[in-house]
Amino acid sequence: MCFVGMSGKLVVVTCGGGNGAHCLAGLAAMRSDIESRVLTLYKDEAERWSAKLDSGMLITVHNEDGSKKTIETKPALVTKDPQKAITGADYIFIVVPAFAHAQYFEAMSPYVGENTVIVGLPGQAGFEFECVHILKSKAKTSAIVTFESLPWACRLIEFGKNIEILGFKDTLGASILKGKQCNLTRPIIETNQYILGEKPKVRRVQNYIAITLMAKSIVHPPIMYGKWSQWDGKPLKEKPLFYQGIDERQAELLSGVSDECMATAKAIEKKIEGLDMSDVIHVFDWYLNYYSDQITDKSNLMMAMRTNKAYNGLVHPMKEVEPGKFVPDFTYRYMKEDVPEGIVPMKGIAELAGVATPYLDEVITWCQKQLNKEFIVGTSLTGKDLEETRAPQKYGISTLQELFSGDFETTPI
Ligand code: NAI
């Protein structure tokens with residue numbers, strides 16, 4: 001299979017300068033037929049990374065058997081100039097938290113050529129809506145891919161220089177939304193696989209709405225609500241466990257939200273002929289599939305999360321107000337990102353599908369108060385701050401049919 005572009009090399013651009021961006025830029029650069037470029041717009045990241053580029057990067061990979069290997073690699077370019085980075089790009093990966101996506105869409109828009117693949121790694125709910133909204137006609141000649149998560153658990157050891165991959169996911173879902181004027185002949189999923197390397201195995205998810213309804217941003221807000229809505233306001237002496245500390249109420253809330261996403265998928269299947277939404281599964285089944293080897297008690301969702309070794313030591317986001325005194329941090333991405341670019345777009349899709357969502361409504365109502373925003377009013381997404389979300393309603397989409405028609409193929413071959 002030939003993956004290279006017109007220039008003789010496949011031009012892969014990584015947008016961002018964090019943990020995931022370092023990993024992708026480094027891994028892609030290992031292929032001799034890939035030109036790996038980095039675009040980072042944040043503060044002085046481009047200058048700092050460029051200054052170290054000549055001596056290359058090190059990726060330390062921790063293998064499952066406890067051994068390690070170190071890879072030397074070197075992206076071709078790190079810049080904050082969108083024209084230099086994007087011109088001639090075949091694949092553009094956006095590897096930053098969702099609140100920073102729009103800034104990259106705006107910056108790249110003038111330079112995106114025809115038949116480009118724009119990838120959200122991960123996309124988070126509403127990635128496609130925002131991309132189409134900002135790129136306008138450019139989106140119609142592109143394909144938009146959304147990954148359900150980052151392929152690796154990774155962390156930066158030294159900026160621009162040294163990154164550690166603590167683990168790879170075994171498989172990872174990705175959906176495609178293809179502009180009807182996009183004439184890409186190179187296979188999209190296979191090329192993504194080539195760029196990422198052997199692991200994880202990239203699995204095609206049926207369509208962009210299915211991947212939105214199965215996004216893992218459903219996990220954090222119900223747990224935050226269940227944990228802190230009854231809190232007496234007194235600081236805690238230690239940070240409570242997040243996943244492994246889940247109680248029956250939190251598990252019920254999470255399960256209820258997940259049921260509503262599944263009900264939405266089923267309603268869509270009934271209303272849109274020929275559409276398969278069976279990839280949208282319950283969060284409990286997802287845990288059993290993805291963390292099978294790590295969970296010791298699989299009897300129910302609460303026990304599966306409490307006994308999932310992958311979550312060892314992960315605590316609630318907390319601020320230390322005085323030495324040894326902690327209060328919850330409602331500005332952390334579990335709320336700041338996973339509400340406007342997570343459960344609110346899901347609620348928006350449920351609304352279009354005519355599905356009642358009492359659990360989602362209750363969770364959003366509490367979360368928006370902590371964020372000092374108004375997305376939902378009662379059971380309807382008509383709050384004054386809806387513009388700050390990625391719900392379909394923000395983009396003027398008012399019927400279910402509009403999600404699956406127009407200038408895009410939702411299930412391209
Ligand atoms: P990160 O936290 O390392 O990203 C930070 C980078 O984002 C910065 O270096 C900068 O380039 C950009 N950024 C931050 N604030 C910005 C701002 N105000 N304006 C513009 N750009 C800004 O993120 P990471 O770890 O690379 O993760 C990327 C995404 O993947 C996130 O959504 C994260 O939730 C998700 N994820 C990360 C995992 C990990 O192991 N690191 C695992 C699973 C998912």
# chains A, B, ... in the order shown; residues from 1 in each chain; ligands from 1
>>> residues_near_ligand(ligand="ligand 1", cutoff="9 Å", atoms="only C-alpha atoms and all ligand atoms", output="MDAnalysis selection string")
chainID A and resid 15:23 39:43 45 94:101 103:104 121:124 148:156 159 165:167 333:334 337
>>> write_last_selection(atoms="C-alpha atoms", output="mmCIF file, in the first residue's frame")
data_model
loop_
_atom_site.group_PDB
_atom_site.id
_atom_site.type_symbol
_atom_site.label_atom_id
_atom_site.label_comp_id
_atom_site.auth_asym_id
_atom_site.auth_seq_id
_atom_site.Cartn_x
_atom_site.Cartn_y
_atom_site.Cartn_z
ATOM 1 C CA CYS A 15 -1.099 20.763 16.130
ATOM 2 C CA GLY A 16 -0.185 21.285 19.778
ATOM 3 C CA GLY A 17 2.763 21.143 22.117
ATOM 4 C CA GLY A 18 1.670 18.930 25.010
ATOM 5 C CA ASN A 19 2.149 15.272 25.936
ATOM 6 C CA GLY A 20 0.161 13.780 23.059
ATOM 7 C CA ALA A 21 1.559 16.203 20.468
ATOM 8 C CA HIS A 22 5.141 15.247 21.335
ATOM 9 C CA CYS A 23 4.259 11.550 21.027
ATOM 10 C CA LEU A 39 2.306 23.718 14.623
ATOM 11 C CA THR A 40 1.985 25.115 18.103
ATOM 12 C CA LEU A 41 0.349 28.467 18.750
ATOM 13 C CA TYR A 42 0.559 28.428 22.523
ATOM 14 C CA LYS A 43 2.831 30.982 24.203
ATOM 15 C CA GLU A 45 6.215 26.641 22.753
ATOM 16 C CA ILE A 94 -5.202 18.326 16.410
ATOM 17 C CA VAL A 95 -3.760 17.091 19.688
ATOM 18 C CA VAL A 96 -4.809 19.682 22.275
ATOM 19 C CA PRO A 97 -7.630 19.887 24.822
ATOM 20 C CA ALA A 98 -10.973 20.660 23.142
ATOM 21 C CA PHE A 99 -11.177 24.294 24.302
ATOM 22 C CA ALA A 100 -8.146 25.036 22.067
ATOM 23 C CA HIS A 101 -9.513 23.352 18.889
ATOM 24 C CA GLN A 103 -8.018 28.442 17.516
ATOM 25 C CA TYR A 104 -6.277 25.823 15.351
ATOM 26 C CA LEU A 121 -6.831 13.070 18.442
ATOM 27 C CA PRO A 122 -9.003 12.903 20.448
ATOM 28 C CA GLY A 123 -11.910 14.788 18.857
ATOM 29 C CA GLN A 124 -14.280 15.172 21.823
ATOM 30 C CA GLU A 148 -12.350 8.419 20.727
ATOM 31 C CA SER A 149 -9.265 8.963 22.902
ATOM 32 C CA LEU A 150 -5.517 9.437 22.812
ATOM 33 C CA PRO A 151 -3.713 6.224 21.714
ATOM 34 C CA TRP A 152 -1.252 6.379 24.600
ATOM 35 C CA ALA A 153 -0.942 7.155 28.281
ATOM 36 C CA CYS A 154 1.977 9.532 27.985
ATOM 37 C CA ARG A 155 3.770 12.344 29.745
ATOM 38 C CA LEU A 156 6.434 14.844 28.948
ATOM 39 C CA PHE A 159 9.661 19.758 26.828
ATOM 40 C CA ILE A 165 4.820 6.372 26.734
ATOM 41 C CA LEU A 166 3.510 4.523 29.771
ATOM 42 C CA GLY A 167 1.094 2.346 27.798
ATOM 43 C CA ARG A 333 -11.033 19.710 32.457
ATOM 44 C CA TYR A 334 -13.383 17.101 34.003
ATOM 45 C CA GLU A 337 -14.059 20.558 28.945
#
>>> residues_around(residues="Thr87 (chain A)", least_positions_apart="4", cutoff="7 Å", atoms="only C-alpha atoms", output="VMD selection string")
chain A and resid 83 111 to 112
>>> residues_around(residues="Glu130 (chain A)", least_positions_apart="2", cutoff="9 Å", atoms="only C-alpha atoms", output="PyMOL selection string")
chain A and resi 101-102+105+126-128+132-135+390+395
>>> write_last_selection(atoms="C-alpha atoms", output="PDB file, in the first residue's frame")
ATOM      1  CA  HIS A 101      -9.513  23.352  18.889  1.00  0.00           C
ATOM      2  CA  ALA A 102     -11.230  26.445  17.424  1.00  0.00           C
ATOM      3  CA  PHE A 105      -9.197  25.589  12.892  1.00  0.00           C
ATOM      4  CA  GLY A 126     -18.807  18.409  18.611  1.00  0.00           C
ATOM      5  CA  PHE A 127     -15.367  18.325  16.900  1.00  0.00           C
ATOM      6  CA  GLU A 128     -16.927  17.939  13.448  1.00  0.00           C
ATOM      7  CA  VAL A 132     -17.228  22.484   9.482  1.00  0.00           C
ATOM      8  CA  HIS A 133     -18.392  25.777  11.000  1.00  0.00           C
ATOM      9  CA  ILE A 134     -14.927  27.367  10.833  1.00  0.00           C
ATOM     10  CA  LEU A 135     -13.470  25.741   7.695  1.00  0.00           C
ATOM     11  CA  ARG A 390     -20.345  22.482  20.750  1.00  0.00           C
ATOM     12  CA  TYR A 395     -24.558  25.708  14.726  1.00  0.00           C
TER      13      TYR A 395
END
>>> residues_around(residues="Ile188 (chain A)", least_positions_apart="3", cutoff="12 Å", atoms="only C-alpha atoms", output="MDAnalysis selection string")
chainID A and resid 3 90:91 115:119 142:146 174:178 182:185 191:195 202:204 412:413
>>> write_last_selection(atoms="C-alpha atoms", output="JSON list (two decimals), in the first residue's frame")
[["chain", "number", "residue", "atom", "x", "y", "z"],
["A", 3, "PHE", "CA", 0.65, 6.18, 1.55],
["A", 90, "ASP", "CA", -1.96, 15.59, 3.83],
["A", 91, "TYR", "CA", -2.93, 14.87, 7.45],
["A", 115, "ASN", "CA", -8.34, 16.25, 0.03],
["A", 116, "THR", "CA", -6.80, 16.93, 3.43],
["A", 117, "VAL", "CA", -7.61, 14.69, 6.39],
["A", 118, "ILE", "CA", -8.24, 16.63, 9.59],
["A", 119, "VAL", "CA", -8.01, 14.48, 12.69],
["A", 142, "SER", "CA", -11.70, 17.42, 3.38],
["A", 143, "ALA", "CA", -12.33, 14.37, 5.51],
["A", 144, "ILE", "CA", -12.77, 14.81, 9.25],
["A", 145, "VAL", "CA", -11.67, 11.96, 11.49],
["A", 146, "THR", "CA", -12.43, 11.73, 15.19],
["A", 174, "ALA", "CA", -12.20, 6.43, 14.87],
["A", 175, "SER", "CA", -15.07, 7.81, 12.77],
["A", 176, "ILE", "CA", -14.99, 9.55, 9.38],
["A", 177, "LEU", "CA", -17.10, 12.42, 8.08],
["A", 178, "LYS", "CA", -16.16, 13.00, 4.46],
["A", 182, "CYS", "CA", -13.31, 15.31, -1.17],
["A", 183, "ASN", "CA", -11.68, 13.04, -3.74],
["A", 184, "LEU", "CA", -9.25, 11.30, -1.50],
["A", 185, "THR", "CA", -8.23, 7.90, -2.83],
["A", 191, "THR", "CA", -3.13, 5.62, 6.60],
["A", 192, "ASN", "CA", -3.94, 6.70, 10.16],
["A", 193, "GLN", "CA", -2.73, 3.31, 11.31],
["A", 194, "TYR", "CA", 0.49, 3.73, 9.34],
["A", 195, "ILE", "CA", 1.15, 7.11, 10.95],
["A", 202, "VAL", "CA", -7.47, 1.48, 14.79],
["A", 203, "ARG", "CA", -11.10, 0.39, 14.53],
["A", 204, "ARG", "CA", -13.58, 2.18, 12.33],
["A", 412, "PRO", "CA", -18.14, 6.82, 3.52],
["A", 413, "ILE", "CA", -16.72, 3.53, 2.24]]
>>> residues_around(residues="Lys84 (chain A)", least_positions_apart="6", cutoff="12 Å", atoms="only C-alpha atoms", output="MDAnalysis selection string")
chainID A and resid 11 13 37:40 76:78 107:108 110:112
>>> select_by_dssp(residues="region 71-267 of chain A", states="alpha helix (DSSP H)", output="ChimeraX atom specification")
/A:82-86,101-108,127-135,137-140,188-196,208-213,220-228,248-267
>>> residues_around(residues="Leu254 (chain A)", least_positions_apart="5", cutoff="9 Å", atoms="only C-alpha atoms", output="PDB file with C-alpha atoms, in the first residue's frame")
ATOM      1  CA  ILE A 218     -19.638  11.140  30.005  1.00  0.00           C
ATOM      2  CA  VAL A 219     -17.597   9.669  32.851  1.00  0.00           C
ATOM      3  CA  HIS A 220     -16.337  12.711  34.745  1.00  0.00           C
ATOM      4  CA  PRO A 221     -19.335  15.080  35.160  1.00  0.00           C
ATOM      5  CA  PRO A 222     -21.712  12.516  36.762  1.00  0.00           C
ATOM      6  CA  ILE A 223     -18.989  11.472  39.206  1.00  0.00           C
ATOM      7  CA  ARG A 249     -25.096   6.999  43.661  1.00  0.00           C
ATOM      8  CA  ASP A 259     -28.437   4.600  29.173  1.00  0.00           C
ATOM      9  CA  VAL A 283     -20.171   2.387  29.664  1.00  0.00           C
ATOM     10  CA  LEU A 301     -20.209  -0.839  36.988  1.00  0.00           C
ATOM     11  CA  TYR A 359     -29.996  12.127  34.239  1.00  0.00           C
TER      12      TYR A 359
END
>>> closest_residue(among="A:Leu213, A:Met302, A:Ile189, A:Ala125", to="Gln244 (chain A)", atoms="only C-alpha atoms")
A:Met302
>>> select_by_dssp(residues="region 100-289 of chain A", states="strand (DSSP E)", output="ChimeraX atom specification")
/A:117-120,143-147,152-158,162-168,171-179,201-204
>>> residues_around(residues="Gln368 (chain A)", least_positions_apart="4", cutoff="10 Å", atoms="only C-alpha atoms", output="tab-separated table (two decimals) with N, CA and C atoms, in the first residue's frame")
chain	number	residue	atom	x	y	z
A	335	MET	N	-14.68	19.14	34.20
A	335	MET	CA	-15.91	19.94	34.12
A	335	MET	C	-15.78	20.96	32.98
A	336	LYS	N	-14.67	21.67	32.95
A	336	LYS	CA	-14.51	22.79	32.01
A	336	LYS	C	-14.58	22.31	30.56
A	339	VAL	N	-18.05	19.18	30.02
A	339	VAL	CA	-19.45	19.63	29.99
A	339	VAL	C	-19.74	20.32	28.64
A	340	PRO	N	-19.09	21.47	28.32
A	340	PRO	CA	-19.44	22.13	27.03
A	340	PRO	C	-19.03	21.34	25.80
A	363	VAL	N	-27.40	16.38	35.80
A	363	VAL	CA	-25.95	16.57	35.90
A	363	VAL	C	-25.55	17.92	35.29
A	364	ILE	N	-26.08	18.23	34.11
A	364	ILE	CA	-25.71	19.50	33.45
A	364	ILE	C	-26.15	20.69	34.33
A	372	ASN	N	-20.50	28.52	36.48
A	372	ASN	CA	-21.07	29.86	36.34
A	372	ASN	C	-21.58	30.13	34.92
A	373	LYS	N	-22.22	29.13	34.35
A	373	LYS	CA	-22.75	29.22	32.98
A	373	LYS	C	-24.21	28.79	32.97
A	374	GLU	N	-24.88	29.08	31.84
A	374	GLU	CA	-26.24	28.58	31.66
A	374	GLU	C	-26.36	27.97	30.27
A	375	PHE	N	-26.35	26.64	30.24
A	375	PHE	CA	-26.50	25.93	28.97
A	375	PHE	C	-27.93	25.40	28.83
A	376	ILE	N	-28.43	24.86	29.94
A	376	ILE	CA	-29.75	24.23	29.93
A	376	ILE	C	-30.70	25.05	30.78
A	385	ASP	N	-25.65	30.70	27.46
A	385	ASP	CA	-24.24	30.41	27.16
A	385	ASP	C	-24.07	29.22	26.20
>>> atom_distance(atom1="CA of Met346 (chain A)", atom2="CA of Gly396 (chain A)")
15.6 Å
>>> closest_residue(among="A:Asp293, A:Glu351, A:Asp65, A:Asp361", to="Thr264 (chain A)", atoms="only C-alpha atoms")
A:Glu351
>>> closest_residue(among="A:Leu27, A:Ile92, A:Ile71, A:Ala356", to="Gly120 (chain A)", atoms="only C-alpha atoms")
A:Ile92
>>> atom_distance(atom1="CA of Lys325 (chain A)", atom2="CA of Phe242 (chain A)")
17.2 Å
